[in-house]
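File shown: upload_11.cif (mmCIF, C-alpha atoms).
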data_target
#
loop_
_atom_site.label_atom_id
_atom_site.label_comp_id
_atom_site.auth_asym_id
_atom_site.auth_seq_id
_atom_site.Cartn_x
_atom_site.Cartn_y
_atom_site.Cartn_z
CA MET V 1468 71.92 24.96 -317.77
CA TYR V 1469 72.97 23.23 -320.98
CA ILE V 1470 75.86 20.78 -320.89
CA THR V 1471 77.30 18.86 -323.83
CA ILE V 1472 80.02 16.21 -323.89
CA SER V 1473 81.70 15.62 -327.25
CA PRO V 1474 84.63 13.43 -328.31
CA GLN V 1475 87.62 14.92 -330.09
CA LYS V 1476 87.04 15.05 -333.82
CA ILE V 1477 89.42 12.75 -335.65
CA GLY V 1478 89.92 12.31 -339.38
CA GLY V 1479 89.34 14.57 -342.37
CA ASN V 1480 90.92 17.95 -341.68
CA TYR V 1481 91.23 17.38 -337.95
CA SER V 1482 94.56 16.67 -336.27
CA LYS V 1483 94.96 13.99 -333.63
CA SER V 1484 96.60 16.67 -331.50
CA SER V 1485 94.63 18.96 -329.20
CA ALA V 1486 96.40 22.00 -330.72
CA ASP V 1487 93.57 22.95 -333.09
CA PHE V 1488 90.93 22.83 -330.38
CA VAL V 1489 93.09 24.69 -327.85
CA GLY V 1490 93.86 27.30 -330.51
CA TYR V 1491 90.14 27.71 -331.16
CA LEU V 1492 89.58 28.39 -327.46
CA GLU V 1493 92.17 31.17 -327.57
CA LYS V 1494 90.15 33.20 -330.11
CA GLU V 1495 88.70 35.64 -327.57
CA ASN V 1496 92.16 36.56 -326.32
CA GLN V 1497 93.28 37.91 -329.68
CA GLY V 1498 94.08 41.60 -329.46
CA LEU V 1499 93.63 41.77 -325.67
CA GLU V 1500 96.15 42.96 -323.11
CA GLN V 1501 97.56 40.32 -320.77
CA GLN V 1502 95.49 41.49 -317.81
CA ASP V 1503 92.27 41.25 -319.82
CA MET V 1504 92.79 37.69 -321.10
CA GLU V 1505 91.00 34.59 -319.87
CA HIS V 1506 93.56 31.86 -319.16
CA PHE V 1507 93.27 28.10 -318.91
CA PHE V 1508 92.99 26.63 -315.43
CA ASN V 1509 92.52 23.24 -313.79
CA GLN V 1510 91.59 21.98 -310.34
CA TYR V 1511 94.59 23.54 -308.64
CA GLY V 1512 96.29 25.90 -311.08
CA ASP V 1513 95.48 29.25 -312.70
CA GLU V 1514 96.91 31.10 -315.71
CA ILE V 1515 98.01 27.95 -317.52
CA SER V 1516 99.35 28.58 -321.01
CA ALA V 1517 97.85 27.10 -324.15
CA GLU V 1518 101.22 25.49 -324.91
CA GLU V 1519 101.17 23.63 -321.61
CA VAL V 1520 97.61 22.42 -322.19
CA VAL V 1521 98.55 20.98 -325.60
CA LYS V 1522 101.71 19.37 -324.19
CA GLU V 1523 99.86 17.73 -321.27
CA ILE V 1524 96.86 16.48 -323.26
CA ASP V 1525 98.89 15.22 -326.22
CA GLY V 1526 101.39 13.53 -323.90
CA ASN V 1527 98.69 11.60 -322.08
CA THR V 1528 97.56 9.18 -324.78
CA ALA V 1529 99.39 5.92 -324.04
CA LYS V 1530 98.05 2.80 -325.79
CA LEU V 1531 95.07 4.55 -327.37
CA GLU V 1532 93.99 3.12 -330.71
CA LYS V 1533 93.98 5.33 -333.80
CA HIS V 1534 90.18 5.47 -333.85
CA GLU V 1535 89.88 6.47 -330.17
CA PRO V 1536 89.57 10.16 -329.22
CA ARG V 1537 92.48 11.57 -327.22
CA PHE V 1538 90.25 13.93 -325.27
CA TYR V 1539 86.67 14.97 -324.68
CA SER V 1540 85.20 18.46 -324.79
CA ILE V 1541 82.65 19.52 -322.19
CA THR V 1542 80.72 22.76 -322.75
CA VAL V 1543 78.76 24.21 -319.84
CA SER V 1544 76.35 27.01 -320.75
CA PRO V 1545 74.44 28.61 -317.88
CA SER V 1546 71.17 30.31 -318.82
CA LYS V 1547 70.76 34.08 -318.58
CA TYR V 1548 68.75 33.52 -315.40
CA GLU V 1549 71.59 31.53 -313.85
CA LEU V 1550 74.19 34.09 -314.97
CA LYS V 1551 72.23 36.84 -313.24
CA ARG V 1552 72.88 35.04 -309.97
CA LEU V 1553 76.65 35.35 -310.32
CA GLN V 1554 78.63 38.23 -308.83
CA ASN V 1555 81.79 37.88 -310.92
CA HIS V 1556 81.32 35.68 -313.96
CA SER V 1557 84.96 34.67 -314.44
CA GLU V 1558 85.69 33.92 -310.79
CA ASP V 1559 82.32 32.29 -310.08
CA LEU V 1560 82.40 30.07 -313.18
CA GLN V 1561 85.94 29.01 -312.37
CA LYS V 1562 84.78 28.01 -308.90
CA TYR V 1563 81.79 26.20 -310.38
CA THR V 1564 83.98 24.33 -312.87
CA ARG V 1565 86.10 22.91 -310.09
CA GLU V 1566 82.99 21.71 -308.29
CA ILE V 1567 81.29 20.05 -311.26
CA MET V 1568 84.47 18.22 -312.24
CA LYS V 1569 84.07 16.45 -308.92
CA ASP V 1570 80.56 15.54 -310.10
CA TYR V 1571 82.11 14.39 -313.37
CA VAL V 1572 84.48 11.87 -311.79
CA ALA V 1573 81.73 10.69 -309.42
CA SER V 1574 79.61 9.78 -312.47
CA PHE V 1575 82.09 7.13 -313.62
CA ASN V 1576 81.19 3.64 -312.46
CA ARG V 1577 84.85 2.70 -312.44
CA GLU V 1578 87.60 1.97 -309.96
CA ILE V 1579 91.34 2.58 -310.14
CA ASN V 1580 93.48 0.22 -308.09
CA GLY V 1581 90.39 -0.92 -306.18
CA ARG V 1582 89.14 2.55 -305.19
CA PRO V 1583 86.62 5.02 -306.64
CA ILE V 1584 87.90 7.64 -309.10
CA THR V 1585 88.74 11.01 -307.57
CA ILE V 1586 89.38 14.47 -309.01
CA ASP V 1587 93.12 13.79 -308.80
CA ASP V 1588 92.75 10.89 -311.24
CA ILE V 1589 91.79 13.04 -314.23
CA LYS V 1590 93.70 15.53 -316.34
CA TYR V 1591 91.60 18.49 -317.47
CA TYR V 1592 91.91 22.16 -318.41
CA ALA V 1593 89.12 24.71 -318.62
CA LYS V 1594 88.58 28.18 -320.02
CA ILE V 1595 85.84 30.79 -319.57
CA GLU V 1596 84.44 32.54 -322.64
CA HIS V 1597 82.08 35.51 -322.73
CA GLN V 1598 80.94 35.68 -326.34
CA ARG V 1599 78.76 33.57 -328.61
CA ALA V 1600 77.59 33.83 -332.20
CA PHE V 1601 74.45 32.44 -333.84
CA LYS V 1602 74.98 29.08 -335.53
CA GLY V 1603 73.07 27.38 -338.31
CA THR V 1604 71.59 24.96 -335.78
CA ASP V 1605 69.96 27.74 -333.70
CA PHE V 1606 66.18 27.88 -334.06
CA GLN V 1607 66.36 31.62 -334.81
CA ILE V 1608 68.50 30.93 -337.88
CA LYS V 1609 66.32 28.05 -339.03
CA GLU V 1610 63.10 30.04 -338.72
CA ASN V 1611 64.65 33.06 -340.46
CA GLN V 1612 65.97 30.89 -343.30
CA PRO V 1613 62.98 31.27 -345.69
CA TYR V 1614 63.43 35.04 -345.49
CA ALA V 1615 67.20 34.73 -345.97
CA THR V 1616 66.68 32.58 -349.08
CA LYS V 1617 64.22 35.05 -350.62
CA ILE V 1618 66.49 38.01 -349.82
CA LEU V 1619 69.42 36.25 -351.51
CA GLN V 1620 67.27 35.62 -354.60
CA LEU V 1621 66.25 39.27 -354.77
CA LYS V 1622 69.87 40.43 -354.40
CA THR V 1623 70.81 38.15 -357.29
CA GLU V 1624 68.01 39.70 -359.38
CA ILE V 1625 69.36 43.18 -358.57
CA ARG V 1626 72.87 42.24 -359.70
CA ASN V 1627 71.47 40.79 -362.94
CA VAL V 1628 69.57 44.01 -363.62
CA GLN V 1629 72.57 46.20 -362.81
CA ASP V 1630 74.84 44.11 -365.08
CA GLY V 1631 72.35 44.20 -367.93
CA ARG V 1632 71.55 40.49 -367.85
CA ALA V 1633 67.89 41.08 -366.96
CA GLU V 1634 65.27 43.80 -366.83
CA GLY V 1635 63.64 45.00 -363.63
CA ASN V 1636 63.04 47.80 -361.15
CA VAL V 1637 65.96 47.89 -358.72
CA LYS V 1638 64.22 50.25 -356.28
CA LYS V 1639 61.20 47.96 -356.15
CA LEU V 1640 63.40 44.93 -355.49
CA GLU V 1641 65.28 46.80 -352.75
CA LYS V 1642 61.97 47.73 -351.16
CA GLU V 1643 60.96 44.04 -351.13
CA ILE V 1644 64.26 43.18 -349.45
CA GLY V 1645 63.67 45.83 -346.77
CA LYS V 1646 60.21 44.43 -346.12
CA LEU V 1647 61.56 40.88 -345.75
CA GLU V 1648 64.31 42.10 -343.41
CA ARG V 1649 61.67 43.65 -341.13
CA GLU V 1650 59.27 40.67 -341.34
CA ALA V 1651 61.82 38.00 -340.38
CA PRO V 1652 60.51 36.55 -337.07
CA HIS V 1653 63.79 36.80 -335.17
CA GLN V 1654 65.45 40.18 -334.77
CA GLN V 1655 68.24 41.55 -332.60
CA ASN V 1656 68.73 45.27 -332.10
CA GLY V 1657 66.45 45.97 -335.04
CA LYS V 1658 68.28 43.64 -337.44
CA ARG V 1659 67.42 40.21 -338.81
CA ILE V 1660 69.39 37.53 -336.98
CA VAL V 1661 71.86 35.85 -339.32
CA GLN V 1662 74.45 33.14 -338.89
CA GLY V 1663 77.67 34.48 -337.36
CA MET V 1664 75.99 37.47 -335.69
CA PRO V 1665 77.25 37.91 -332.10
CA LYS V 1666 74.55 37.16 -329.55
CA ALA V 1667 73.49 40.09 -327.41
CA GLY V 1668 73.52 40.04 -323.63
CA ASN V 1669 75.63 37.99 -321.28
CA GLN V 1670 76.96 34.87 -323.00
CA SER V 1671 79.50 33.59 -320.45
CA HIS V 1672 80.12 29.85 -320.66
CA ILE V 1673 82.76 27.22 -319.89
CA HIS V 1674 84.87 25.04 -322.19
CA ILE V 1675 86.61 22.04 -320.63
CA ILE V 1676 89.10 19.74 -322.33
CA VAL V 1677 89.59 16.48 -320.44
CA SER V 1678 92.05 13.74 -321.33
CA ARG V 1679 90.70 10.32 -322.33
CA LYS V 1680 93.40 8.73 -320.16
CA ASP V 1681 93.62 9.17 -316.41
CA ALA V 1682 96.37 11.33 -314.86
CA SER V 1683 98.70 8.32 -314.57
CA ASN V 1684 98.30 7.66 -318.32
CA LYS V 1685 97.36 4.04 -317.55
CA PHE V 1686 93.57 3.85 -317.50
CA SER V 1687 91.03 4.91 -320.11
CA LEU V 1688 88.09 7.00 -318.86
CA SER V 1689 85.44 7.61 -321.48
CA PRO V 1690 82.33 9.71 -320.73
CA GLY V 1691 81.20 8.65 -324.19
CA SER V 1692 80.90 5.01 -323.16
CA LYS V 1693 77.91 3.27 -324.69
CA TYR V 1694 77.34 1.67 -321.31
CA LYS V 1695 75.46 3.37 -318.52
CA ALA V 1696 76.77 2.83 -315.03
CA SER V 1697 76.47 -0.91 -314.43
CA ASP V 1698 78.21 -3.96 -312.98
CA VAL V 1699 78.83 -7.01 -315.17
CA GLU V 1700 80.36 -10.44 -314.72
CA LEU V 1701 83.60 -10.92 -316.65
CA ASN V 1702 85.70 -14.06 -316.25
CA GLY V 1703 83.97 -14.77 -312.96
CA LYS V 1704 84.65 -11.30 -311.57
CA THR V 1705 82.32 -8.34 -311.08
CA VAL V 1706 83.52 -5.46 -313.24
CA LYS V 1707 82.28 -1.88 -313.01
CA ARG V 1708 81.79 0.02 -316.26
CA GLY V 1709 80.05 3.01 -317.83
CA PHE V 1710 79.39 6.68 -317.23
CA ASP V 1711 76.10 8.06 -315.89
CA ARG V 1712 75.41 11.10 -318.08
CA ASP V 1713 71.97 11.73 -316.64
CA GLY V 1714 73.46 11.63 -313.18
CA PHE V 1715 76.20 14.07 -314.16
CA PHE V 1716 73.79 16.59 -315.69
CA THR V 1717 71.51 16.40 -312.65
CA LYS V 1718 74.40 16.75 -310.20
CA ALA V 1719 75.76 19.74 -312.12
CA GLU V 1720 72.44 21.56 -311.70
CA LYS V 1721 72.26 20.80 -308.00
CA THR V 1722 75.86 21.92 -307.54
CA PHE V 1723 75.10 25.26 -309.20
CA ASP V 1724 72.01 25.75 -307.03
CA LYS V 1725 73.89 24.92 -303.84
CA THR V 1726 76.98 26.95 -304.70
CA PHE V 1727 75.14 30.14 -305.66
CA GLY V 1728 71.85 29.82 -303.75
CA TYR V 1729 69.89 29.58 -306.99
CA GLN V 1730 66.17 28.76 -306.95
CA ARG V 1731 65.74 26.61 -310.06
CA ASN V 1732 62.44 26.77 -311.89
CA PHE V 1733 60.78 23.57 -313.10
CA ALA V 1734 61.29 24.49 -316.77
CA GLU V 1735 65.06 24.84 -316.20
CA THR V 1736 65.64 21.34 -314.89
CA TYR V 1737 67.28 18.60 -316.92
CA LYS V 1738 64.57 16.17 -315.84
CA ALA V 1739 61.82 18.48 -317.10
CA ARG V 1740 63.46 18.88 -320.50
CA LYS V 1741 63.90 15.13 -320.75
CA ASP V 1742 60.25 14.58 -319.82
CA PHE V 1743 59.25 17.09 -322.50
CA ILE V 1744 60.82 14.77 -325.08
CA LYS V 1745 59.76 11.38 -323.74
CA ASN V 1746 56.34 12.11 -322.28
CA PRO V 1747 54.91 15.57 -323.03
CA LYS V 1748 51.67 14.80 -321.18
CA ILE V 1749 53.51 14.22 -317.92
CA TYR V 1750 55.66 17.29 -318.57
CA PHE V 1751 52.72 19.65 -318.99
CA ALA V 1752 50.71 18.03 -316.21
CA SER V 1753 53.62 18.75 -313.86
CA LEU V 1754 53.89 22.26 -315.26
CA MET V 1755 50.27 23.10 -314.54
CA LYS V 1756 50.56 21.94 -310.92
CA LEU V 1757 53.15 24.63 -310.18
CA PRO V 1758 52.25 27.69 -308.07
CA THR V 1759 51.05 30.62 -310.20
CA ASN V 1760 54.30 32.63 -310.11
CA GLU V 1761 56.49 29.60 -310.83
CA LYS V 1762 54.19 28.55 -313.66
CA ALA V 1763 54.31 32.04 -315.17
CA LEU V 1764 58.10 32.07 -315.02
CA ALA V 1765 58.23 28.59 -316.54
CA PHE V 1766 56.23 29.73 -319.58
CA LYS V 1767 58.44 32.78 -319.99
CA ILE V 1768 61.57 30.65 -319.83
CA MET V 1769 60.11 28.27 -322.41
CA GLY V 1770 59.19 31.16 -324.66
CA LYS V 1771 62.70 32.62 -324.46
CA SER V 1772 64.29 29.22 -325.09
CA GLY V 1773 62.15 28.38 -328.08
CA ILE V 1774 59.93 25.31 -328.28
CA PRO V 1775 60.89 22.49 -328.61
CA MET V 1776 63.34 22.91 -325.74
CA MET V 1777 65.69 20.13 -326.84
CA PRO V 1778 66.62 18.75 -330.28
CA SER V 1779 65.76 15.43 -331.93
CA ILE V 1780 62.13 15.24 -330.78
CA PRO V 1781 60.12 12.76 -332.89
CA VAL V 1782 57.61 14.57 -335.11
CA THR V 1783 54.56 12.90 -333.61
CA GLN V 1784 55.60 13.70 -330.05
CA ALA V 1785 56.56 17.25 -330.98
CA GLN V 1786 53.16 17.84 -332.56
CA LEU V 1787 51.43 16.38 -329.52
CA ALA V 1788 53.54 18.50 -327.19
CA MET V 1789 52.78 21.68 -329.12
CA LYS V 1790 49.05 20.92 -329.16
CA ILE V 1791 49.03 20.44 -325.40
CA PHE V 1792 51.30 23.45 -324.91
CA ASN V 1793 49.03 25.79 -326.89
CA ARG V 1794 45.93 24.63 -325.05
CA LEU V 1795 47.50 24.93 -321.60
CA ARG V 1796 49.18 28.23 -322.38
CA ARG V 1797 45.83 29.87 -323.18
CA GLY V 1798 44.69 28.89 -319.71
CA ALA V 1799 47.82 30.34 -318.13
CA GLU V 1800 48.00 33.68 -319.94
CA VAL V 1801 46.34 35.49 -317.05
CA ALA V 1802 49.00 34.19 -314.68
CA ILE V 1803 51.75 35.27 -317.05
CA LYS V 1804 50.38 38.80 -317.48
CA SER V 1805 49.72 39.30 -313.78
CA SER V 1806 53.02 37.87 -312.62
CA SER V 1807 55.31 40.22 -310.75
CA ILE V 1808 58.42 38.34 -311.88
CA GLY V 1809 60.62 40.55 -314.05
CA ILE V 1810 62.32 38.88 -317.00
#
Translate this structure into structure tokens?
Amino acid sequence: MYITISPQKIGGNYSKSSADFVGYLEKENQGLEQQDMEHFFNQYGDEISAEEVVKEIDGNTAKLEKHEPRFYSITVSPSKYELKRLQNHSEDLQKYTREIMKDYVASFNREINGRPITIDDIKYYAKIEHQRAFKGTDFQIKENQPYATKILQLKTEIRNVQDGRAEGNVKKLEKEIGKLEREAPHQQNGKRIVQGMPKAGNQSHIHIIVSRKDASNKFSLSPGSKYKASDVELNGKTVKRGFDRDGFFTKAEKTFDKTFGYQRNFAETYKARKDFIKNPKIYFASLMKLPTNEKALAFKIMGKSGIPMMPSIPVTQAQLAMKIFNRLRRGAEVAIKSSSIGI
């Protein structure tokens, strides 16, 4: 499970309205019949129009400063292992969305009128999507980039030869390009993975747009707060503030497991991925204590995800983690090969 929370983009070419973002989320509906479309929904309503979403989000921005985002975007991306557990992706993910938004409000260390925040205090709309394309930030694109650069250079040489600006053997250059296409480390359906290529397999995920202001348009609720959940003294009074992101991510995993009876592997947990970054030794020590089958599955999951498993790992820690990983993996290869778990 991968969850991201991002503020609305303001400035440059971005509008302060939610219209651009909502329009972007409508891209999969283009060319589809009404019965085949995925519609927006919220905690209590289905088949909500894009126009209503824009109207409600843009009309709920009282007293926000120009530099403050009007809404936040939450993206929830279940793994292929989690998706296999679902019976009907659209219906199940809609049900899951409504459950984790309860986890979302519970992660605010805030009160409204002297009581904890509830699901009825927020204004959000969600949409299920079933397609994804490779982005420049994906490790497959990054690791294929040296091949892409060389291929582009060779194609330029071919054009120069064909236009008479240079001399060369076009067939030989085309043969080199074919070789590079085959040697690129990341392939999909026999083709080199490039930016913009649709990802194969099940790619169902959730987009959620949630207003910065509460449903009454009086209180500001920011999951991007620099403060973690804490209580502080202000003018002699105890004031609650902050949003517990770690708590939200952890609750979201547990909610998925409880809702769909999913047996989560160690390598899939948010805590494990965080340990991988902050203390690789503890991460791999915990990994090697797993039962044989669980350990085998963990290595397979890690291999499919690409190592490192999360971005922004300091170079020294990443090198240390990889050194430990390679040493421990050699000792676990027998378990991987003999495992009866099908991936």
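Against this structure, the PyMOL selection byres ((chain V and resi 1540-1542) around 8) ends up with Tyr1469, Ile1470, Thr1471, Ile1472, Ser1473, Pro1474, Gln1475, Phe1538, Tyr1539, Val1543, Ser1544, His1672, Ile1673, His1674, Ile1675, Ile1676 and Val1677 of chain V.
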Resulting file, chosen residues, C-alpha atoms, as an mmCIF file, in the frame of the given file:
data_model
loop_
_atom_site.group_PDB
_atom_site.id
_atom_site.type_symbol
_atom_site.label_atom_id
_atom_site.label_comp_id
_atom_site.auth_asym_id
_atom_site.auth_seq_id
_atom_site.Cartn_x
_atom_site.Cartn_y
_atom_site.Cartn_z
ATOM 1 C CA TYR V 1469 72.970 23.230 -320.980
ATOM 2 C CA ILE V 1470 75.860 20.780 -320.890
ATOM 3 C CA THR V 1471 77.300 18.860 -323.830
ATOM 4 C CA ILE V 1472 80.020 16.210 -323.890
ATOM 5 C CA SER V 1473 81.700 15.620 -327.250
ATOM 6 C CA PRO V 1474 84.630 13.430 -328.310
ATOM 7 C CA GLN V 1475 87.620 14.920 -330.090
ATOM 8 C CA PHE V 1538 90.250 13.930 -325.270
ATOM 9 C CA TYR V 1539 86.670 14.970 -324.680
ATOM 10 C CA VAL V 1543 78.760 24.210 -319.840
ATOM 11 C CA SER V 1544 76.350 27.010 -320.750
ATOM 12 C CA HIS V 1672 80.120 29.850 -320.660
ATOM 13 C CA ILE V 1673 82.760 27.220 -319.890
ATOM 14 C CA HIS V 1674 84.870 25.040 -322.190
ATOM 15 C CA ILE V 1675 86.610 22.040 -320.630
ATOM 16 C CA ILE V 1676 89.100 19.740 -322.330
ATOM 17 C CA VAL V 1677 89.590 16.480 -320.440
#
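With all atoms listed in the file as the basis for measurement, V:Phe1575 is the residue among V:Phe1508, V:Tyr1737, V:Tyr1591, V:Phe1575 that approaches Gly1709 (chain V) most closely.
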Contacts of Glu1532 (chain V) within 12 Å, all atoms listed in the file, excl. fewer than 4 positions in-chain, as a ChimeraX atom specification: /V:1477,1483,1528,1536-1537,1679-1680,1687
I want to know what sits within 8 Å of region 1649-1652 of chain V, based on only C-alpha atoms, with residues of the same chain fewer than 2 positions away left out; could you give that as a PDB file with C-alpha atoms, keeping the file's coordinate frame?
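The file below, selection.pdb, is the result:
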ATOM      1  CA  GLN V1607      66.360  31.620-334.810  1.00  0.00           C
ATOM      2  CA  GLU V1610      63.100  30.040-338.720  1.00  0.00           C
ATOM      3  CA  ASN V1611      64.650  33.060-340.460  1.00  0.00           C
ATOM      4  CA  TYR V1614      63.430  35.040-345.490  1.00  0.00           C
ATOM      5  CA  GLY V1645      63.670  45.830-346.770  1.00  0.00           C
ATOM      6  CA  LYS V1646      60.210  44.430-346.120  1.00  0.00           C
ATOM      7  CA  LEU V1647      61.560  40.880-345.750  1.00  0.00           C
ATOM      8  CA  GLN V1654      65.450  40.180-334.770  1.00  0.00           C
ATOM      9  CA  LYS V1658      68.280  43.640-337.440  1.00  0.00           C
ATOM     10  CA  ARG V1659      67.420  40.210-338.810  1.00  0.00           C
TER      11      ARG V1659
END
Coordinates-based distance that separates CA of Ile1567 (chain V) from CA of Gln1730 (chain V) (Å, one decimal): 18.0 Å
Residues matched by the PyMOL selection byres ((chain V and resi 1527) around 9) as number ranges by chain: V: 1522-1526, 1528-1529, 1537, 1590, 1678-1685
Given the selection you just returned, output its residues as a file containing C-alpha atoms, formatted as a tab-separated table (two decimals), in the frame of the given file.
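Done, and the output landed in result23.tsv:
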chain	number	residue	atom	x	y	z
V	1522	LYS	CA	101.71	19.37	-324.19
V	1523	GLU	CA	99.86	17.73	-321.27
V	1524	ILE	CA	96.86	16.48	-323.26
V	1525	ASP	CA	98.89	15.22	-326.22
V	1526	GLY	CA	101.39	13.53	-323.90
V	1528	THR	CA	97.56	9.18	-324.78
V	1529	ALA	CA	99.39	5.92	-324.04
V	1537	ARG	CA	92.48	11.57	-327.22
V	1590	LYS	CA	93.70	15.53	-316.34
V	1678	SER	CA	92.05	13.74	-321.33
V	1679	ARG	CA	90.70	10.32	-322.33
V	1680	LYS	CA	93.40	8.73	-320.16
V	1681	ASP	CA	93.62	9.17	-316.41
V	1682	ALA	CA	96.37	11.33	-314.86
V	1683	SER	CA	98.70	8.32	-314.57
V	1684	ASN	CA	98.30	7.66	-318.32
V	1685	LYS	CA	97.36	4.04	-317.55
Can you pull out every residue within 10 Å of Ser1574 (chain V), counting only C-alpha atoms, but drop anything in the same chain fewer than 3 positions away, and send it as a PDB file with C-alpha atoms, in the coordinates of the input?
ATOM      1  CA  MET V1568      84.470  18.220-312.240  1.00  0.00           C
ATOM      2  CA  LYS V1569      84.070  16.450-308.920  1.00  0.00           C
ATOM      3  CA  ASP V1570      80.560  15.540-310.100  1.00  0.00           C
ATOM      4  CA  TYR V1571      82.110  14.390-313.370  1.00  0.00           C
ATOM      5  CA  ARG V1577      84.850   2.700-312.440  1.00  0.00           C
ATOM      6  CA  ILE V1584      87.900   7.640-309.100  1.00  0.00           C
ATOM      7  CA  PRO V1690      82.330   9.710-320.730  1.00  0.00           C
ATOM      8  CA  LYS V1695      75.460   3.370-318.520  1.00  0.00           C
ATOM      9  CA  ALA V1696      76.770   2.830-315.030  1.00  0.00           C
ATOM     10  CA  GLY V1709      80.050   3.010-317.830  1.00  0.00           C
ATOM     11  CA  PHE V1710      79.390   6.680-317.230  1.00  0.00           C
ATOM     12  CA  ASP V1711      76.100   8.060-315.890  1.00  0.00           C
ATOM     13  CA  ARG V1712      75.410  11.100-318.080  1.00  0.00           C
ATOM     14  CA  ASP V1713      71.970  11.730-316.640  1.00  0.00           C
ATOM     15  CA  GLY V1714      73.460  11.630-313.180  1.00  0.00           C
ATOM     16  CA  PHE V1715      76.200  14.070-314.160  1.00  0.00           C
ATOM     17  CA  PHE V1716      73.790  16.590-315.690  1.00  0.00           C
ATOM     18  CA  LYS V1718      74.400  16.750-310.200  1.00  0.00           C
TER      19      LYS V1718
END
Best match for closeness to Ile1515 (chain V) among V:Ile1618, V:Val1572, V:Ile1749, V:Ala1593, counting all atoms listed in the file: V:Ala1593
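Between CA of His1556 (chain V) and CA of Ala1486 (chain V) the separation is 26.4 Å.
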